[in-house]
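Next comes run_14.txt, with compact mmCIF, C-alpha atoms and all ligand atoms.
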# COMPACT_ATOMS: atom_id res chain seq x y z
CA MET L 356 -58.19 1.32 -77.23
CA ASP L 357 -58.71 -2.28 -76.29
CA ALA L 358 -60.24 -2.27 -72.85
CA ARG L 359 -58.05 -5.07 -71.58
CA VAL L 360 -54.95 -3.30 -72.79
CA THR L 361 -56.12 -0.32 -70.76
CA ARG L 362 -56.55 -2.56 -67.75
CA ARG L 363 -53.14 -4.07 -68.26
CA ARG L 364 -51.57 -0.66 -68.39
CA PHE L 365 -53.39 0.31 -65.25
CA LEU L 366 -51.98 -2.73 -63.50
CA GLY L 367 -48.56 -1.89 -64.84
CA THR L 368 -48.89 1.63 -63.51
CA LEU L 369 -49.54 0.23 -60.11
CA GLY L 370 -46.49 -1.97 -60.42
CA LEU L 371 -48.61 -5.02 -59.90
CA ALA L 372 -48.37 -6.70 -63.24
CA SER L 373 -45.05 -8.30 -62.50
CA LEU L 374 -46.31 -9.53 -59.16
CA SER L 375 -49.22 -11.48 -60.46
CA LEU L 376 -47.35 -14.76 -60.30
CA GLY L 377 -46.09 -14.18 -56.78
CA GLY L 378 -47.91 -13.50 -53.56
CA VAL L 379 -50.64 -11.54 -55.20
CA ALA L 380 -54.12 -12.85 -55.46
CA THR L 381 -55.18 -11.09 -58.59
CA LEU L 382 -58.46 -12.14 -60.05
CA ALA L 383 -58.10 -15.82 -59.53
CA GLY L 384 -60.92 -17.65 -57.89
CA CYS L 385 -63.51 -15.40 -59.43
CA THR L 386 -67.01 -16.50 -60.06
CA ASN L 387 -68.41 -14.93 -63.17
CA LYS L 388 -72.05 -14.08 -62.82
CA THR L 389 -72.64 -14.73 -66.48
CA SER L 390 -71.32 -17.63 -68.42
CA SER L 391 -70.42 -15.29 -71.26
CA ALA L 392 -67.90 -13.31 -69.25
CA PRO L 393 -64.30 -13.64 -70.40
CA PRO L 394 -62.01 -16.08 -68.63
CA MET L 395 -60.12 -14.15 -65.97
CA GLU L 396 -56.84 -15.76 -66.89
CA SER L 397 -56.87 -13.61 -69.98
CA SER L 398 -56.48 -10.48 -67.87
CA ASN L 399 -52.98 -11.58 -66.96
CA GLN L 400 -51.81 -11.94 -70.51
CA PRO L 401 -49.25 -9.42 -71.72
CA ALA L 402 -50.70 -6.45 -73.56
CA ALA L 403 -48.56 -7.21 -76.58
CA GLN L 404 -50.18 -10.60 -76.82
CA GLN L 405 -53.65 -9.10 -76.72
CA SER L 406 -52.85 -6.72 -79.56
CA GLY L 407 -51.82 -9.56 -81.80
CA THR L 408 -48.08 -9.04 -81.44
CA PRO L 409 -46.02 -11.95 -80.16
CA SER L 410 -45.03 -11.35 -76.59
CA ALA L 411 -41.53 -11.33 -75.23
CA THR L 412 -42.06 -14.87 -74.05
CA GLY L 413 -42.84 -16.02 -77.55
CA ALA L 414 -46.36 -17.08 -76.68
CA THR L 415 -48.74 -17.41 -79.58
CA PRO L 416 -51.38 -14.68 -79.59
CA SER L 417 -54.96 -15.86 -79.36
CA THR L 418 -56.54 -13.06 -81.36
CA ASN L 419 -59.97 -14.62 -81.69
CA GLN L 420 -60.31 -15.19 -77.98
CA ALA L 421 -59.11 -11.67 -77.18
CA THR L 422 -61.53 -10.10 -79.63
CA ALA L 423 -64.47 -12.05 -78.29
CA ALA L 424 -63.59 -11.23 -74.70
CA SER L 425 -63.26 -7.49 -75.30
CA ASN L 426 -66.80 -7.35 -76.62
CA GLN L 427 -68.30 -8.66 -73.39
CA PRO L 428 -70.17 -6.26 -71.10
CA ALA L 429 -68.71 -5.32 -67.75
CA VAL L 430 -70.30 -7.52 -65.13
CA PRO L 431 -69.58 -7.31 -61.40
CA GLN L 432 -67.94 -10.47 -60.21
CA THR L 433 -67.59 -12.39 -56.99
CA HIS L 434 -64.15 -13.23 -55.65
CA ASN L 435 -63.44 -15.86 -53.04
CA PHE L 436 -60.12 -15.30 -51.31
CA THR L 437 -58.57 -17.05 -48.35
CA VAL L 438 -56.24 -14.88 -46.28
CA THR L 439 -54.13 -16.54 -43.62
CA ALA L 440 -52.26 -14.99 -40.71
CA VAL L 441 -48.73 -16.36 -41.01
CA PRO L 442 -46.07 -16.14 -38.28
CA PHE L 443 -42.71 -15.07 -39.67
CA LEU L 444 -40.59 -14.08 -36.66
CA VAL L 445 -42.38 -14.83 -33.41
CA HIS L 446 -41.42 -15.76 -29.88
CA GLU L 447 -42.09 -19.43 -30.46
CA MET L 448 -39.23 -19.48 -32.97
CA LYS L 449 -36.53 -18.41 -30.54
CA GLY L 450 -35.44 -22.00 -30.09
CA MET L 451 -34.90 -22.44 -33.83
CA LEU L 452 -33.42 -19.03 -34.66
CA GLN L 453 -30.84 -18.03 -32.09
CA TYR L 454 -30.62 -14.41 -33.26
CA LEU L 455 -34.21 -13.88 -32.18
CA ASN L 456 -33.18 -14.11 -28.52
CA GLU L 457 -31.30 -10.86 -28.95
CA ASP L 458 -33.91 -9.31 -31.26
CA PHE L 459 -36.72 -9.90 -28.78
CA SER L 460 -34.69 -8.75 -25.76
CA SER L 461 -35.39 -5.42 -24.08
CA ASN L 462 -32.71 -3.75 -26.22
CA GLY L 463 -33.50 -5.73 -29.34
CA ILE L 464 -34.98 -4.42 -32.56
CA LEU L 465 -38.10 -6.56 -32.11
CA ASN L 466 -38.64 -5.73 -28.46
CA GLY L 467 -42.37 -5.84 -27.84
CA LYS L 468 -43.07 -6.91 -31.41
CA GLU L 469 -43.67 -10.03 -33.44
CA VAL L 470 -43.57 -10.24 -37.21
CA TYR L 471 -46.64 -11.73 -38.78
CA GLY L 472 -47.94 -11.39 -42.28
CA PHE L 473 -51.12 -11.86 -44.21
CA TYR L 474 -50.93 -14.34 -47.05
CA PRO L 475 -51.67 -13.28 -49.68
CA SER L 476 -50.68 -9.70 -48.99
CA HIS L 477 -52.29 -8.25 -52.11
CA LEU L 478 -55.78 -8.66 -53.44
CA VAL L 479 -56.97 -7.16 -56.71
CA VAL L 480 -60.60 -6.73 -57.70
CA TYR L 481 -62.73 -4.33 -59.68
CA GLU L 482 -65.00 -1.64 -58.35
CA GLY L 483 -68.45 -3.10 -57.74
CA ASP L 484 -67.20 -6.66 -57.23
CA THR L 485 -68.22 -8.73 -54.25
CA VAL L 486 -65.32 -9.90 -52.10
CA ASN L 487 -65.78 -13.02 -49.99
CA LEU L 488 -62.92 -13.45 -47.58
CA THR L 489 -62.12 -16.52 -45.55
CA LEU L 490 -59.81 -15.39 -42.75
CA VAL L 491 -57.70 -18.13 -41.20
CA ASN L 492 -55.73 -17.82 -38.00
CA PRO L 493 -53.97 -21.13 -37.40
CA GLU L 494 -52.29 -20.33 -34.10
CA ASP L 495 -53.02 -18.79 -30.73
CA ASP L 496 -52.28 -15.08 -31.09
CA GLU L 497 -55.27 -12.92 -31.89
CA HIS L 498 -55.23 -10.64 -34.93
CA THR L 499 -57.50 -8.15 -36.59
CA PHE L 500 -58.24 -7.79 -40.25
CA THR L 501 -58.89 -4.09 -40.52
CA ILE L 502 -59.59 -1.79 -43.45
CA ARG L 503 -60.49 1.50 -41.81
CA GLU L 504 -61.45 3.22 -45.06
CA LEU L 505 -64.06 0.53 -45.75
CA GLU L 506 -65.18 0.28 -42.11
CA ILE L 507 -64.03 -3.32 -41.85
CA ASN L 508 -62.62 -4.44 -38.53
CA TYR L 509 -62.78 -8.19 -38.01
CA ILE L 510 -61.28 -9.95 -34.99
CA MET L 511 -59.36 -13.07 -35.98
CA LYS L 512 -59.47 -15.07 -32.78
CA GLY L 513 -56.84 -17.71 -32.08
CA LYS L 514 -57.29 -20.91 -34.04
CA SER L 515 -60.23 -19.64 -36.00
CA LEU L 516 -61.62 -19.59 -39.48
CA GLY L 517 -64.03 -16.77 -40.20
CA LYS L 518 -65.77 -15.33 -43.19
CA ILE L 519 -66.61 -11.77 -44.17
CA SER L 520 -68.09 -10.34 -47.34
CA PHE L 521 -68.28 -6.85 -48.74
CA VAL L 522 -68.73 -5.01 -52.00
CA ALA L 523 -65.71 -3.10 -53.25
CA SER L 524 -67.78 0.01 -53.72
CA LYS L 525 -65.03 2.49 -54.53
CA ALA L 526 -61.83 2.31 -56.51
CA GLY L 527 -58.51 2.84 -54.85
CA THR L 528 -55.77 1.16 -52.88
CA PHE L 529 -56.74 0.16 -49.38
CA SER L 530 -54.45 -1.20 -46.73
CA TYR L 531 -55.55 -4.08 -44.60
CA ALA L 532 -53.71 -4.42 -41.36
CA CYS L 533 -53.66 -6.14 -38.02
CA GLU L 534 -54.09 -3.48 -35.36
CA GLU L 535 -52.66 -5.51 -32.51
CA GLU L 536 -49.97 -3.21 -31.16
CA GLU L 537 -47.48 -6.06 -31.00
CA HIS L 538 -47.93 -6.81 -34.71
CA MET L 539 -47.70 -3.29 -36.06
CA PRO L 540 -46.27 -2.14 -38.45
CA TYR L 541 -45.41 -5.53 -39.86
CA MET L 542 -48.72 -7.21 -40.47
CA TRP L 543 -50.49 -5.65 -43.42
CA GLY L 544 -51.44 -5.97 -47.05
CA GLN L 545 -53.27 -4.12 -49.78
CA LEU L 546 -56.59 -4.43 -51.49
CA VAL L 547 -56.45 -2.82 -54.91
CA VAL L 548 -59.84 -1.93 -56.33
CA LEU L 549 -59.50 -1.13 -60.00
CA PRO L 550 -61.95 1.42 -61.40
CA ARG L 551 -65.02 0.10 -63.12
CA SER L 552 -63.92 1.83 -66.33
CA ALA L 553 -60.82 -0.37 -66.51
CA ARG L 554 -62.95 -3.47 -67.01
CA SER L 555 -65.39 -2.35 -69.68
CU CU B 1 -51.80 -9.57 -35.68
For the structure just supplied, provide its representation as structure tokens.
Amino acid sequence: MDARVTRRRFLGTLGLASLSLGGVATLAGCTNKTSSAPPMESSNQPAAQQSGTPSATGATPSTNQATAASNQPAVPQTHNFTVTAVPFLVHEMKGMLQYLNEDFSSNGILNGKEVYGFYPSHLVVYEGDTVNLTLVNPEDDEHTFTIRELEINYIMKGKSLGKISFVASKAGTFSYACEEEEHMPYMWGQLVVLPRSARS
């Protein structure tokens, strides 16, 4: 079976394929370690297109490119992602959104909480890849970028831009979250590490 079709199906199984144009940082921004590695954009092409069958969108299949790419060896890659802490519903917005006055009150549904998010909230890499993260916190509240399973716990101080790097050494789906009590359970995302076998 074509390796990239396998990968596509894996993505589809995870329900991620349809999200690749949204808030998901798939494999964009990758730095191939060899110039012969396939262009990463090709990994987002529909499986039907890769097999030489016109896709539902009517795109013309690029059979030659797909064939050449599938013959390339699996090479670990480096990904550069920027993840920003974004305020969605926070105290500073009470003046703009009147309903927040009630929500943040002692009987409100957001009592003691603020809703922040990480953007993007999904990152997708392959097992063995190097992940370089730039973590941006544009405002005053402190956050953490924490992946307990990978022993990552980075403090995102107010108005800071920090960098961390790690190797995605095992396949799986890992949640990254801010562990500030006030921001839980709202502020989180997922790092999806596809198995090495899905690339080769
Ligand atoms: Cu936070």
**Message:** 12 Å from ligand CU 1 (chain B) is the threshold here; counting all atoms listed in the file, which polymer residues fall inside it? Answer as an NGL selection string.
**Reply:** :L and (439-443 or 445 or 468-473 or 491-501 or 509-513 or 531-544)
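Between CA of Thr433 (chain L) and CA of Val479 (chain L) the interatomic distance comes to 11.8 Å.
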**Message:** So the first atom is CA of Lys449 (chain L) and the second is CA of Ile464 (chain L); what is the distance between them in Å, to one decimal place?
**Reply:** 14.2 Å
**Message:** Residues within 9 Å of Ala526 (chain L), please, as a VMD selection string. Count all atoms listed in the file; anything in the same chain fewer than 2 positions from it doesn't count.
**Reply:** chain L and resid 481 to 483 523 to 524 528 547 to 551
**Asked** Could you state the separation of CA of His446 (chain L) and CA of Gly517 (chain L) in Å, given to one decimal place?
**Response**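 Spanning CA of His446 (chain L) to CA of Gly517 (chain L) is a straight-line distance of 24.9 Å.
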Each side padded by 3 Å, which centre and which edge lengths in Å (one decimal) define the axis-aligned box around the listed atoms of region 495-513 of chain L? Give them as JSON.
{"center_x": -58.7, "center_y": -7.8, "center_z": -38.2, "size_x": 18.9, "size_y": 28.0, "size_z": 21.0}
**Message:** Using all atoms listed in the file - which residues lie no farther than 12 Å from the point (-34.0, -10.4, -28.1) in the file's frame? Write them as a ChimeraX atom specification.
**Reply:** /L:444-446,448-450,452-469
Residue neighbourhood region 519-522 of chain L, 7 Å, only C-alpha atoms, exclusion window fewer than 4 positions, as a compact mmCIF listing (two decimals) with C-alpha atoms, keeping the file's coordinate frame:
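Contents of result_25.txt, as written:
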# COMPACT_ATOMS: atom_id res chain seq x y z
CA GLY L 483 -68.45 -3.10 -57.74
CA ASP L 484 -67.20 -6.66 -57.23
CA THR L 485 -68.22 -8.73 -54.25
CA VAL L 486 -65.32 -9.90 -52.10
CA ASN L 487 -65.78 -13.02 -49.99
CA LEU L 488 -62.92 -13.45 -47.58
CA THR L 489 -62.12 -16.52 -45.55
